[in-house]
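Text of the file start-v8.pdb, holding PDB, C-alpha atoms:
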ATOM      1  CA  ARG K   1      71.615 127.392 120.587
ATOM      2  CA  ASP K   2      68.242 129.110 120.446
ATOM      3  CA  ASP K   3      65.074 127.448 119.244
ATOM      4  CA  LEU K   4      64.951 129.394 115.994
ATOM      5  CA  LEU K   5      68.321 128.036 114.939
ATOM      6  CA  ALA K   6      67.053 124.532 115.585
ATOM      7  CA  GLN K   7      63.967 125.132 113.463
ATOM      8  CA  TRP K   8      65.999 126.672 110.651
ATOM      9  CA  ILE K   9      68.330 123.684 110.506
ATOM     10  CA  ARG K  10      65.468 121.210 110.693
ATOM     11  CA  LEU K  11      63.786 122.867 107.718
ATOM     12  CA  CYS K  12      66.984 122.652 105.716
ATOM     13  CA  THR K  13      67.746 119.050 106.624
ATOM     14  CA  VAL K  14      64.468 117.148 106.381
ATOM     15  CA  GLY K  15      65.882 115.014 103.592
ATOM     16  CA  LEU K  16      69.645 114.910 103.982
ATOM     17  CA  VAL K  17      71.906 116.471 106.586
ATOM     18  CA  ASP K  18      74.521 117.329 103.977
ATOM     19  CA  ASP K  19      72.019 118.761 101.507
ATOM     20  CA  PHE K  20      72.981 122.326 102.397
ATOM     21  CA  PRO K  21      76.608 122.170 103.570
ATOM     22  CA  ASP K  22      77.293 125.810 102.774
ATOM     23  CA  LEU K  23      74.298 126.989 104.786
ATOM     24  CA  LEU K  24      75.127 124.762 107.739
ATOM     25  CA  GLU K  25      78.726 125.959 107.722
ATOM     26  CA  LYS K  26      77.560 129.566 107.639
ATOM     27  CA  ILE K  27      75.248 128.952 110.591
ATOM     28  CA  ARG K  28      78.074 127.299 112.513
ATOM     29  CA  THR K  29      80.381 130.229 111.829
ATOM     30  CA  ASP K  30      77.796 132.931 112.562
ATOM     31  CA  ARG K  31      76.641 131.301 115.795
ATOM     32  CA  GLY K  32      80.055 130.057 116.925
ATOM     33  CA  LEU K  33      79.044 126.401 116.985
ATOM     34  CA  ALA K  34      81.732 123.775 117.264
ATOM     35  CA  ALA K  35      83.091 122.183 114.116
ATOM     36  CA  THR K  36      81.888 118.838 115.482
ATOM     37  CA  PHE K  37      78.276 120.040 115.257
ATOM     38  CA  ASN K  38      76.018 117.095 114.453
ATOM     39  CA  GLU K  39      72.422 117.657 113.418
ATOM     40  CA  ASP K  40      71.143 114.365 114.791
ATOM     41  CA  SER K  41      72.496 115.174 118.258
ATOM     42  CA  PHE K  42      71.268 118.769 118.067
ATOM     43  CA  VAL K  43      67.747 117.767 117.059
ATOM     44  CA  SER K  44      66.329 114.899 119.070
ATOM     45  CA  LEU K  45      64.704 112.618 116.497
ATOM     46  CA  SER K  46      61.624 110.643 117.479
ATOM     47  CA  PRO K  47      60.962 107.203 115.966
ATOM     48  CA  PHE K  48      58.451 108.881 113.646
ATOM     49  CA  ALA K  49      61.040 111.406 112.475
ATOM     50  CA  GLN K  50      63.618 108.698 111.925
ATOM     51  CA  GLU K  51      61.165 106.703 109.826
ATOM     52  CA  VAL K  52      60.218 109.765 107.784
ATOM     53  CA  ARG K  53      63.848 110.540 107.080
ATOM     54  CA  MET K  54      64.553 106.917 106.176
ATOM     55  CA  ARG K  55      61.609 106.761 103.756
ATOM     56  CA  VAL K  56      62.550 110.079 102.173
ATOM     57  CA  ARG K  57      66.072 108.852 101.581
ATOM     58  CA  GLU K  58      64.891 105.523 100.195
ATOM     59  CA  TYR K  59      62.455 107.208  97.820
ATOM     60  CA  PHE K  60      64.919 109.729  96.423
ATOM     61  CA  SER K  61      67.677 107.137  96.301
ATOM     62  CA  ALA K  62      65.472 105.093  93.965
ATOM     63  CA  GLN K  63      64.651 108.218  91.944
ATOM     64  CA  ALA K  64      68.328 109.076  91.641
ATOM     65  CA  THR K  65      69.196 105.589  90.441
ATOM     66  CA  ALA K  66      66.407 105.612  87.857
ATOM     67  CA  GLN K  67      67.411 109.063  86.566
ATOM     68  CA  GLY K  68      71.140 108.457  86.685
ATOM     69  CA  VAL K  69      71.775 111.495  88.872
ATOM     70  CA  SER K  70      72.895 112.163  92.428
ATOM     71  CA  MET K  71      70.355 111.958  95.231
ATOM     72  CA  ARG K  72      70.738 115.683  95.823
ATOM     73  CA  GLU K  73      69.762 116.416  92.212
ATOM     74  CA  ALA K  74      66.850 113.958  92.349
ATOM     75  CA  MET K  75      65.388 115.862  95.303
ATOM     76  CA  LYS K  76      65.095 119.075  93.293
ATOM     77  CA  ALA K  77      62.784 120.333  90.541
ATOM     78  CA  PRO K  78      62.703 118.019  87.489
ATOM     79  CA  THR K  79      63.074 119.280  83.928
ATOM     80  CA  ALA K  80      59.305 119.421  83.443
ATOM     81  CA  LYS K  81      58.969 121.762  86.422
ATOM     82  CA  TRP K  82      61.687 124.030  85.056
ATOM     83  CA  CYS K  83      59.900 124.173  81.697
ATOM     84  CA  LEU K  84      56.630 125.037  83.421
ATOM     85  CA  VAL K  85      58.303 127.816  85.411
ATOM     86  CA  VAL K  86      59.846 129.298  82.257
ATOM     87  CA  VAL K  87      56.476 129.277  80.480
ATOM     88  CA  LEU K  88      54.747 130.901  83.451
ATOM     89  CA  TRP K  89      57.328 133.668  83.781
ATOM     90  CA  VAL K  90      57.257 134.404  80.031
ATOM     91  CA  ALA K  91      53.476 134.680  80.339
ATOM     92  CA  PHE K  92      53.877 136.921  83.369
ATOM     93  CA  VAL K  93      56.221 139.290  81.526
ATOM     94  CA  ILE K  94      53.706 139.592  78.670
ATOM     95  CA  VAL K  95      50.822 140.236  81.065
ATOM     96  CA  PHE K  96      52.902 142.645  83.163
ATOM     97  CA  LEU K  97      53.811 144.761  80.140
ATOM     98  CA  SER K  98      50.150 144.813  79.139
ATOM     99  CA  TRP K  99      49.182 145.930  82.659
ATOM    100  CA  LEU K 100      51.893 148.577  82.595
ATOM    101  CA  CYS K 101      50.507 149.957  79.339
ATOM    102  CA  GLY K 102      47.052 150.313  80.868
ATOM    103  CA  GLN K 103      45.411 147.457  78.960
ATOM    104  CA  TRP K 104      42.476 145.551  80.432
ATOM    105  CA  PHE K 105      43.971 142.234  79.344
ATOM    106  CA  GLY K 106      46.952 142.809  81.613
ATOM    107  CA  LEU K 107      44.849 144.099  84.485
ATOM    108  CA  LEU K 108      42.563 141.059  84.580
ATOM    109  CA  LEU K 109      45.275 138.433  84.218
ATOM    110  CA  LEU K 110      48.134 139.953  86.237
ATOM    111  CA  PRO K 111      47.122 138.554  89.665
ATOM    112  CA  ILE K 112      46.267 135.121  88.238
ATOM    113  CA  ILE K 113      49.416 134.630  86.161
ATOM    114  CA  GLY K 114      51.439 136.308  88.899
ATOM    115  CA  SER K 115      50.109 133.808  91.438
ATOM    116  CA  LEU K 116      50.979 130.816  89.285
ATOM    117  CA  ALA K 117      54.471 132.057  88.432
ATOM    118  CA  THR K 118      55.235 133.066  92.014
ATOM    119  CA  PHE K 119      53.837 129.999  93.772
ATOM    120  CA  HIS K 120      55.627 127.584  91.434
ATOM    121  CA  THR K 121      58.996 129.245  92.031
ATOM    122  CA  PHE K 122      59.321 131.360  95.142
ATOM    123  CA  HIS K 123      58.211 129.050  97.940
ATOM    124  CA  ASP K 124      60.261 126.000  96.974
ATOM    125  CA  ALA K 125      63.328 128.130  96.268
ATOM    126  CA  SER K 126      63.060 129.810  99.670
ATOM    127  CA  HIS K 127      63.258 126.364 101.291
ATOM    128  CA  GLY K 128      66.251 125.437  99.150
ATOM    129  CA  ALA K 129      64.169 122.779  97.423
ATOM    130  CA  PHE K 130      64.059 124.050  93.844
ATOM    131  CA  SER K 131      67.639 123.692  92.634
ATOM    132  CA  SER K 132      70.684 121.717  93.748
ATOM    133  CA  ARG K 133      72.668 124.964  93.471
ATOM    134  CA  ALA K 134      72.328 127.216  96.504
ATOM    135  CA  TRP K 135      72.860 130.431  94.515
ATOM    136  CA  VAL K 136      69.990 129.522  92.163
ATOM    137  CA  ASN K 137      67.622 129.043  95.102
ATOM    138  CA  GLU K 138      68.813 132.335  96.573
ATOM    139  CA  LEU K 139      68.227 134.142  93.283
ATOM    140  CA  LEU K 140      64.779 132.637  92.756
ATOM    141  CA  THR K 141      63.600 133.832  96.173
ATOM    142  CA  PHE K 142      63.424 137.254  94.524
ATOM    143  CA  ALA K 143      60.716 135.827  92.261
ATOM    144  CA  GLY K 144      58.339 136.332  95.177
ATOM    145  CA  PHE K 145      58.342 140.110  94.937
ATOM    146  CA  LEU K 146      54.517 140.049  94.725
ATOM    147  CA  ILE K 147      54.500 138.583  98.258
ATOM    148  CA  ALA K 148      57.609 139.670 100.129
ATOM    149  CA  SER K 149      61.334 140.210  99.812
ATOM    150  CA  PRO K 150      63.597 137.236 100.658
ATOM    151  CA  THR K 151      64.495 138.598 104.101
ATOM    152  CA  GLU K 152      60.873 139.346 104.987
ATOM    153  CA  TRP K 153      59.784 135.899 103.811
ATOM    154  CA  ARG K 154      62.435 134.077 105.841
ATOM    155  CA  TRP K 155      61.395 135.989 108.951
ATOM    156  CA  GLN K 156      57.666 135.646 108.354
ATOM    157  CA  HIS K 157      57.368 132.187 106.838
ATOM    158  CA  ILE K 158      60.438 130.028 107.396
ATOM    159  CA  ILE K 159      61.324 131.158 110.909
ATOM    160  CA  GLY K 160      57.934 132.348 112.187
ATOM    161  CA  HIS K 161      55.422 130.065 110.510
ATOM    162  CA  HIS K 162      57.348 126.802 110.253
ATOM    163  CA  SER K 163      58.816 127.112 113.729
ATOM    164  CA  PHE K 164      55.407 127.648 115.343
ATOM    165  CA  THR K 165      52.867 126.317 112.830
ATOM    166  CA  ASN K 166      49.311 126.982 114.051
ATOM    167  CA  ILE K 167      50.500 127.875 117.556
ATOM    168  CA  LYS K 168      48.371 130.696 118.870
ATOM    169  CA  GLY K 169      50.168 134.007 119.247
ATOM    170  CA  LEU K 170      53.406 132.758 117.680
ATOM    171  CA  ASP K 171      52.544 131.735 114.112
ATOM    172  CA  PRO K 172      52.409 135.033 112.165
ATOM    173  CA  ASP K 173      50.359 133.372 109.420
ATOM    174  CA  SER K 174      47.435 132.513 111.684
ATOM    175  CA  LYS K 175      47.136 135.382 114.152
ATOM    176  CA  HIS K 176      44.076 136.922 112.500
ATOM    177  CA  THR K 177      42.037 133.717 112.935
ATOM    178  CA  SER K 178      41.706 134.281 116.687
ATOM    179  CA  ARG K 179      39.088 136.936 115.935
ATOM    180  CA  TRP K 180      36.715 134.167 114.860
ATOM    181  CA  ILE K 181      37.980 131.138 116.772
ATOM    182  CA  ASP K 182      38.332 132.630 120.258
ATOM    183  CA  ALA K 183      35.387 135.018 120.271
ATOM    184  CA  ASP K 184      31.963 133.864 121.451
ATOM    185  CA  GLU K 185      28.960 133.947 119.125
ATOM    186  CA  HIS K 186      27.932 137.424 120.306
ATOM    187  CA  THR K 187      31.280 139.103 119.671
ATOM    188  CA  ARG K 188      32.538 136.991 116.774
ATOM    189  CA  PRO K 189      32.743 139.000 113.519
ATOM    190  CA  SER K 190      30.779 137.842 110.499
ATOM    191  CA  MET K 191      32.525 135.213 108.408
ATOM    192  CA  LYS K 192      31.906 137.497 105.448
ATOM    193  CA  LEU K 193      34.799 139.544 106.765
ATOM    194  CA  VAL K 194      37.086 136.655 105.824
ATOM    195  CA  LEU K 195      36.899 137.935 102.248
ATOM    196  CA  VAL K 196      38.003 141.371 103.422
ATOM    197  CA  VAL K 197      40.823 140.031 105.581
ATOM    198  CA  TRP K 198      42.081 137.749 102.821
ATOM    199  CA  GLY K 199      41.951 140.592 100.305
ATOM    200  CA  LEU K 200      44.032 142.879 102.537
ATOM    201  CA  ALA K 201      46.423 140.292 103.982
ATOM    202  CA  VAL K 202      49.161 140.754 101.371
ATOM    203  CA  PRO K 203      48.947 144.467 100.419
ATOM    204  CA  VAL K 204      48.383 145.649 103.998
ATOM    205  CA  GLY K 205      49.544 142.774 106.202
ATOM    206  CA  LEU K 206      52.761 141.883 104.368
ATOM    207  CA  HIS K 207      53.604 144.880 102.191
ATOM    208  CA  VAL K 208      52.942 147.533 104.846
ATOM    209  CA  LEU K 209      52.745 146.102 108.359
ATOM    210  CA  GLY K 210      55.145 143.211 107.760
ATOM    211  CA  THR K 211      57.813 145.443 106.249
ATOM    212  CA  CYS K 212      57.427 148.031 109.006
ATOM    213  CA  ARG K 213      57.697 145.366 111.735
ATOM    214  CA  LEU K 214      60.811 143.882 110.181
ATOM    215  CA  ILE K 215      62.535 147.247 109.892
ATOM    216  CA  ALA K 216      61.487 148.240 113.420
ATOM    217  CA  ARG K 217      62.768 144.986 114.908
ATOM    218  CA  SER K 218      65.988 145.072 112.902
ATOM    219  CA  LEU K 219      66.632 148.594 114.197
ATOM    220  CA  CYS K 220      65.778 147.433 117.758
ATOM    221  CA  LEU K 221      62.730 149.715 117.824
ATOM    222  CA  HIS K 222      60.324 146.862 118.517
ATOM    223  CA  ARG K 223      60.552 143.235 119.603
ATOM    224  CA  GLU K 224      57.871 140.561 119.885
ATOM    225  CA  GLU K 225      58.372 138.289 122.858
ATOM    226  CA  GLY K 226      59.180 134.693 122.031
ATOM    227  CA  THR K 227      60.069 135.185 118.375
ATOM    228  CA  GLY K 228      63.801 135.838 118.745
ATOM    229  CA  PRO K 229      65.801 138.274 116.647
ATOM    230  CA  PRO K 230      64.831 138.612 112.959
ATOM    231  CA  PRO K 231      67.345 138.200 110.156
ATOM    232  CA  PRO K 232      69.339 141.417 109.639
ATOM    233  CA  LEU K 233      68.233 143.825 106.932
ATOM    234  CA  VAL K 234      69.822 142.921 103.612
ATOM    235  CA  PHE K 235      70.395 145.637 101.012
ATOM    236  CA  SER K 236      69.227 143.497  98.077
ATOM    237  CA  SER K 237      65.998 142.529  99.869
ATOM    238  CA  LEU K 238      65.347 146.107 100.921
ATOM    239  CA  MET K 239      65.858 147.325  97.342
ATOM    240  CA  ALA K 240      63.538 144.589  96.055
ATOM    241  CA  SER K 241      60.823 145.844  98.400
ATOM    242  CA  ILE K 242      61.323 149.465  97.348
ATOM    243  CA  VAL K 243      61.249 148.647  93.626
ATOM    244  CA  HIS K 244      58.120 146.520  94.084
ATOM    245  CA  ARG K 245      56.270 149.273  95.949
ATOM    246  CA  LEU K 246      57.232 151.882  93.352
ATOM    247  CA  VAL K 247      56.259 149.747  90.346
ATOM    248  CA  PHE K 248      53.009 148.237  91.634
ATOM    249  CA  TYR K 249      51.740 150.943  93.986
ATOM    250  CA  VAL K 250      53.108 154.267  92.709
ATOM    251  CA  LEU K 251      53.769 153.970  88.978
ATOM    252  CA  PRO K 252      50.101 153.305  87.993
ATOM    253  CA  PHE K 253      49.055 156.651  89.494
ATOM    254  CA  TYR K 254      51.816 158.408  87.578
ATOM    255  CA  ARG K 255      50.902 156.776  84.264
ATOM    256  CA  LEU K 256      47.105 156.541  84.516
ATOM    257  CA  GLY K 257      46.033 159.225  86.952
ATOM    258  CA  PHE K 258      44.284 158.831  90.286
ATOM    259  CA  LEU K 259      41.034 157.128  89.195
ATOM    260  CA  TRP K 260      42.374 154.494  86.817
ATOM    261  CA  GLY K 261      45.600 154.248  88.785
ATOM    262  CA  SER K 262      43.597 153.255  91.849
ATOM    263  CA  LEU K 263      41.935 150.425  89.927
ATOM    264  CA  TRP K 264      45.286 149.275  88.496
ATOM    265  CA  VAL K 265      46.713 149.145  92.045
ATOM    266  CA  VAL K 266      43.799 147.771  94.054
ATOM    267  CA  TYR K 267      42.437 145.021  91.780
ATOM    268  CA  PRO K 268      45.697 143.058  91.224
ATOM    269  CA  SER K 269      46.839 143.341  94.838
ATOM    270  CA  VAL K 270      43.480 142.314  96.336
ATOM    271  CA  VAL K 271      42.847 139.413  93.939
ATOM    272  CA  PHE K 272      46.418 138.154  94.307
ATOM    273  CA  SER K 273      46.108 138.380  98.092
ATOM    274  CA  PHE K 274      42.873 136.388  98.072
ATOM    275  CA  ILE K 275      44.418 133.633  95.927
ATOM    276  CA  PHE K 276      47.480 133.560  98.166
ATOM    277  CA  MET K 277      45.402 133.261 101.342
ATOM    278  CA  LEU K 278      43.082 130.681  99.809
ATOM    279  CA  ASN K 279      46.048 128.368  99.266
ATOM    280  CA  THR K 280      48.034 129.034 102.428
ATOM    281  CA  GLN K 281      45.206 129.166 104.955
ATOM    282  CA  LEU K 282      43.370 126.065 103.770
ATOM    283  CA  ALA K 283      46.591 124.091 104.031
ATOM    284  CA  HIS K 284      46.804 124.697 107.779
ATOM    285  CA  LEU K 285      43.693 126.229 109.311
ATOM    286  CA  ASN K 286      40.923 123.697 108.823
ATOM    287  CA  ASP K 287      38.955 121.040 110.695
ATOM    288  CA  GLU K 288      41.474 118.309 109.918
ATOM    289  CA  THR K 289      44.318 120.206 111.588
ATOM    290  CA  GLU K 290      42.013 121.537 114.352
ATOM    291  CA  GLY K 291      43.043 125.120 113.582
ATOM    292  CA  GLU K 292      45.090 127.049 116.096
ATOM    293  CA  THR K 293      46.427 125.413 119.254
ATOM    294  CA  SER K 294      47.941 126.856 122.404
ATOM    295  CA  THR K 295      50.787 124.329 122.473
ATOM    296  CA  ARG K 296      52.712 122.123 120.068
ATOM    297  CA  GLN K 297      51.033 118.940 118.882
ATOM    298  CA  SER K 298      54.264 117.148 119.792
ATOM    299  CA  ASP K 299      57.783 117.903 120.946
ATOM    300  CA  CYS K 300      58.870 116.277 117.686
ATOM    301  CA  TRP K 301      58.998 118.958 115.013
ATOM    302  CA  TYR K 302      58.177 116.443 112.265
ATOM    303  CA  ILE K 303      55.034 115.210 114.030
ATOM    304  CA  HIS K 304      53.876 118.759 114.676
ATOM    305  CA  GLN K 305      54.295 119.688 110.990
ATOM    306  CA  ALA K 306      52.374 116.621 109.858
ATOM    307  CA  ALA K 307      49.576 117.271 112.367
ATOM    308  CA  THR K 308      49.132 120.930 111.414
ATOM    309  CA  THR K 309      49.259 120.595 107.631
ATOM    310  CA  ALA K 310      46.712 119.117 105.237
ATOM    311  CA  ASP K 311      46.797 118.568 101.490
ATOM    312  CA  PHE K 312      43.367 119.966 100.742
ATOM    313  CA  ALA K 313      43.477 119.215  97.017
ATOM    314  CA  PRO K 314      45.048 115.791  96.410
ATOM    315  CA  GLY K 315      44.769 114.733  92.791
ATOM    316  CA  SER K 316      43.469 118.144  91.672
ATOM    317  CA  ARG K 317      44.970 119.127  88.323
ATOM    318  CA  LEU K 318      43.711 122.679  88.795
ATOM    319  CA  HIS K 319      45.488 123.090  92.127
TER     320      HIS K 319
END
Represent the structure contained in this file as C-alpha cells.
Amino acid sequence: RDDLLAQWIRLCTVGLVDDFPDLLEKIRTDRGLAATFNEDSFVSLSPFAQEVRMRVREYFSAQATAQGVSMREAMKAPTAKWCLVVVLWVAFVIVFLSWLCGQWFGLLLLPIIGSLATFHTFHDASHGAFSSRAWVNELLTFAGFLIASPTEWRWQHIIGHHSFTNIKGLDPDSKHTSRWIDADEHTRPSMKLVLVVWGLAVPVGLHVLGTCRLIARSLCLHREEGTGPPPPLVFSSLMASIVHRLVFYVLPFYRLGFLWGSLWVVYPSVVFSFIFMLNTQLAHLNDETEGETSTRQSDCWYIHQAATTADFAPGSRLH
C-alpha cells in the first residue's frame, strides 16, 4: 500500500468514493488489495477533509436535484462546457490546417487556440472530471498531445505533482524554481531567465527530457528516489507521442525547408509553453502559497492541496 496508490485514490475520490468504481476495482485487482477495501479507512480523513467532502456532496446533490440528473452527472462538465470544447476544437482544426499549409494565420494562432482547446479538455479529463463515462475521460486525455501523452501526464502531473505539490525535490512541476529560491543574491540567475525557462519547459522539459525519463524508468534504466515506479509504457500513449513529434517537429522541415520549418516549429512550441507555464506556475508558486517547501503543509492531503494552490484570477472572464 505505497504512498502513490494512496494519492491516486485520493485524487479520484475527492467528491464521491464510488465515483470511479471501475478504476478502484482495477487498482484493487492490480495491487492485490482485499475486496473489503474501504477508502475512508485507507485514507485518514481530518476534520477539514470530512467537512470538504460533506460540502462537496451537499453542493452537487443540490445541483443534481435542480438539473434532474444523478449526482455523478452533476459533477461533470455541463452542456455549455461541452459546446465550448466543440467550438474550440473546430477552431483548432481550422488553425492547424492553416499552419500545416504554411500560412501565417495558422502560425500565429496555433499556440493560442491550441492552449484554449487543450486546457479546457485535457486536464479535467485526466482527473476523470470531464465526463461521467470513464472511457470518454480516457479518450479525451489524448487531447493533450501538445503537452504530453496520457501516460506521461499521469506520471508527471497526477502522481508526481499532486502527490507532492510544491514539495522541494519531489514535485516535478516546481524543481526548476530552486535555482532562484535557494540561491543567494550573488549566485541567483536573473529573473529574465524565467522567460527562457518557461519557453523551453514544454518542448524541452516535457517533450524531450520527460519522455526520455519515463522510458528510462519504465525500462528500469533509471529511477528517482522517493517517486515510486511510474505507470508502465502504454502502446497508445507511446504512439501518440511519436505522432506528435513527427507532425509538430519534423513535418514542417519536410514541407517548408530548414529556415521556415524552424520558425514553424519553434514559435508555436515556445509560445504554447509560455502560456502553459503562466497558468500552471502562478497557480502554485507564488507568495500566497509560500512557494516550495521542504515538507508537507499538513499530513492531511486535502489541507496540503488547499495550502499550496491559489486561484490567481477569480472572476476573470479572460482566464
Target residues per the PyMOL selection byres ((chain K and resi 302) around 9), formatted as a PyMOL selection string: chain K and resi 10+14+45-46+48-49+52+298-301+303-307
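Considering all atoms listed in the file, the residue among K:Val271, K:Val243, K:Val69, K:Ala201 positioned nearest to Ser149 (chain K) is K:Val243.
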Evaluate the PyMOL selection byres ((chain K and resi 76-90) around 12) and report residues as a ChimeraX atom specification: /K:15,19,60,63-64,67,69-75,91-97,110,112-122,124-125,127-134,136-137,140,143-144
How about saving the chosen residues, C-alpha atoms kept, as an mmCIF file, keeping the file's coordinate frame?
data_model
loop_
_atom_site.group_PDB
_atom_site.id
_atom_site.type_symbol
_atom_site.label_atom_id
_atom_site.label_comp_id
_atom_site.auth_asym_id
_atom_site.auth_seq_id
_atom_site.Cartn_x
_atom_site.Cartn_y
_atom_site.Cartn_z
ATOM 1 C CA GLY K 15 65.882 115.014 103.592
ATOM 2 C CA ASP K 19 72.019 118.761 101.507
ATOM 3 C CA PHE K 60 64.919 109.729 96.423
ATOM 4 C CA GLN K 63 64.651 108.218 91.944
ATOM 5 C CA ALA K 64 68.328 109.076 91.641
ATOM 6 C CA GLN K 67 67.411 109.063 86.566
ATOM 7 C CA VAL K 69 71.775 111.495 88.872
ATOM 8 C CA SER K 70 72.895 112.163 92.428
ATOM 9 C CA MET K 71 70.355 111.958 95.231
ATOM 10 C CA ARG K 72 70.738 115.683 95.823
ATOM 11 C CA GLU K 73 69.762 116.416 92.212
ATOM 12 C CA ALA K 74 66.850 113.958 92.349
ATOM 13 C CA MET K 75 65.388 115.862 95.303
ATOM 14 C CA ALA K 91 53.476 134.680 80.339
ATOM 15 C CA PHE K 92 53.877 136.921 83.369
ATOM 16 C CA VAL K 93 56.221 139.290 81.526
ATOM 17 C CA ILE K 94 53.706 139.592 78.670
ATOM 18 C CA VAL K 95 50.822 140.236 81.065
ATOM 19 C CA PHE K 96 52.902 142.645 83.163
ATOM 20 C CA LEU K 97 53.811 144.761 80.140
ATOM 21 C CA LEU K 110 48.134 139.953 86.237
ATOM 22 C CA ILE K 112 46.267 135.121 88.238
ATOM 23 C CA ILE K 113 49.416 134.630 86.161
ATOM 24 C CA GLY K 114 51.439 136.308 88.899
ATOM 25 C CA SER K 115 50.109 133.808 91.438
ATOM 26 C CA LEU K 116 50.979 130.816 89.285
ATOM 27 C CA ALA K 117 54.471 132.057 88.432
ATOM 28 C CA THR K 118 55.235 133.066 92.014
ATOM 29 C CA PHE K 119 53.837 129.999 93.772
ATOM 30 C CA HIS K 120 55.627 127.584 91.434
ATOM 31 C CA THR K 121 58.996 129.245 92.031
ATOM 32 C CA PHE K 122 59.321 131.360 95.142
ATOM 33 C CA ASP K 124 60.261 126.000 96.974
ATOM 34 C CA ALA K 125 63.328 128.130 96.268
ATOM 35 C CA HIS K 127 63.258 126.364 101.291
ATOM 36 C CA GLY K 128 66.251 125.437 99.150
ATOM 37 C CA ALA K 129 64.169 122.779 97.423
ATOM 38 C CA PHE K 130 64.059 124.050 93.844
ATOM 39 C CA SER K 131 67.639 123.692 92.634
ATOM 40 C CA SER K 132 70.684 121.717 93.748
ATOM 41 C CA ARG K 133 72.668 124.964 93.471
ATOM 42 C CA ALA K 134 72.328 127.216 96.504
ATOM 43 C CA VAL K 136 69.990 129.522 92.163
ATOM 44 C CA ASN K 137 67.622 129.043 95.102
ATOM 45 C CA LEU K 140 64.779 132.637 92.756
ATOM 46 C CA ALA K 143 60.716 135.827 92.261
ATOM 47 C CA GLY K 144 58.339 136.332 95.177
#
Find the residues of region 88-171 of chain K that sit at most 12 Å from region 235-242 of chain K; for each, write down the nearest two atoms and how far apart they are in Å, to one decimal. Count all atoms listed in the file. Sort by chain, then by number going up, and give it as a Markdown table.
| residue | atom | partner | partner_atom | distance |
| --- | --- | --- | --- | --- |
| K:Glu138 | CA | K:Ser237 | CA | 11.1 |
| K:Leu139 | CA | K:Ser236 | CA | 10.6 |
| K:Thr141 | CA | K:Ser237 | CA | 9.7 |
| K:Phe142 | CA | K:Ala240 | CA | 7.5 |
| K:Ala143 | CA | K:Ala240 | CA | 10.0 |
| K:Gly144 | CA | K:Ala240 | CA | 9.8 |
| K:Phe145 | CA | K:Ala240 | CA | 7.0 |
| K:Leu146 | CA | K:Ser241 | CA | 9.3 |
| K:Ile147 | CA | K:Ser241 | CA | 9.6 |
| K:Ala148 | CA | K:Ser241 | CA | 7.2 |
| K:Ser149 | CA | K:Ser237 | CA | 5.2 |
| K:Pro150 | CA | K:Ser237 | CA | 5.9 |
| K:Thr151 | CA | K:Ser237 | CA | 6.0 |
| K:Glu152 | CA | K:Ser237 | CA | 7.9 |
| K:Trp153 | CA | K:Ser237 | CA | 9.9 |
| K:Arg154 | CA | K:Ser237 | CA | 10.9 |
Option closest in space to Val208 (chain K), from K:Arg245, K:Tyr254, K:Gly261, K:Pro47 [counting all atoms listed in the file]: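 Closest residue, counting all atoms listed in the file: K:Arg245.
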Selection near Gly199 (chain K), 8 Å with all atoms listed in the file, sequence-local residues under 5 positions removed, as a ChimeraX atom specification: /K:269-274
Restricting it to C-alpha atoms, dump the selection as an mmCIF file, in the frame of the given file.
data_model
loop_
_atom_site.group_PDB
_atom_site.id
_atom_site.type_symbol
_atom_site.label_atom_id
_atom_site.label_comp_id
_atom_site.auth_asym_id
_atom_site.auth_seq_id
_atom_site.Cartn_x
_atom_site.Cartn_y
_atom_site.Cartn_z
ATOM 1 C CA SER K 269 46.839 143.341 94.838
ATOM 2 C CA VAL K 270 43.480 142.314 96.336
ATOM 3 C CA VAL K 271 42.847 139.413 93.939
ATOM 4 C CA PHE K 272 46.418 138.154 94.307
ATOM 5 C CA SER K 273 46.108 138.380 98.092
ATOM 6 C CA PHE K 274 42.873 136.388 98.072
#
Test item: residues at most 8 Å from Phe164 (chain K), all atoms listed in the file, excluding those fewer than 5 positions along its chain, as number ranges by chain: K: 170-171, 296
Residue nearest His157 (chain K) - candidates K:Met191, K:Leu206, K:Val265, K:Leu256, atoms counted: all atoms listed in the file: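 Residue with the minimum atom-to-atom distance to His157 (chain K): K:Leu206.
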Select all residues near (53.5, 150.5, 83.0) (cut-off 9 Å, inclusive, file coordinates), counting all atoms listed in the file, and output them as a tab-separated table (two decimals) with C-alpha atoms, in the coordinates of the input.
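Okay, selection_21.tsv is ready:
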chain	number	residue	atom	x	y	z
K	96	PHE	CA	52.90	142.65	83.16
K	97	LEU	CA	53.81	144.76	80.14
K	98	SER	CA	50.15	144.81	79.14
K	99	TRP	CA	49.18	145.93	82.66
K	100	LEU	CA	51.89	148.58	82.60
K	101	CYS	CA	50.51	149.96	79.34
K	102	GLY	CA	47.05	150.31	80.87
K	247	VAL	CA	56.26	149.75	90.35
K	248	PHE	CA	53.01	148.24	91.63
K	251	LEU	CA	53.77	153.97	88.98
K	252	PRO	CA	50.10	153.30	87.99
K	255	ARG	CA	50.90	156.78	84.26
K	256	LEU	CA	47.10	156.54	84.52
Of the listed residues K:Pro203, K:Ser294, K:Trp264, K:Trp135, that which approaches Phe105 (chain K) most closely, counting all atoms listed in the file: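 Smallest separation from Phe105 (chain K) among the options: K:Trp264.
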Atom pair CA of Val194 (chain K) / CA of Pro172 (chain K): separation (Å):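 Distance reported for this atom pair: 16.7 Å.
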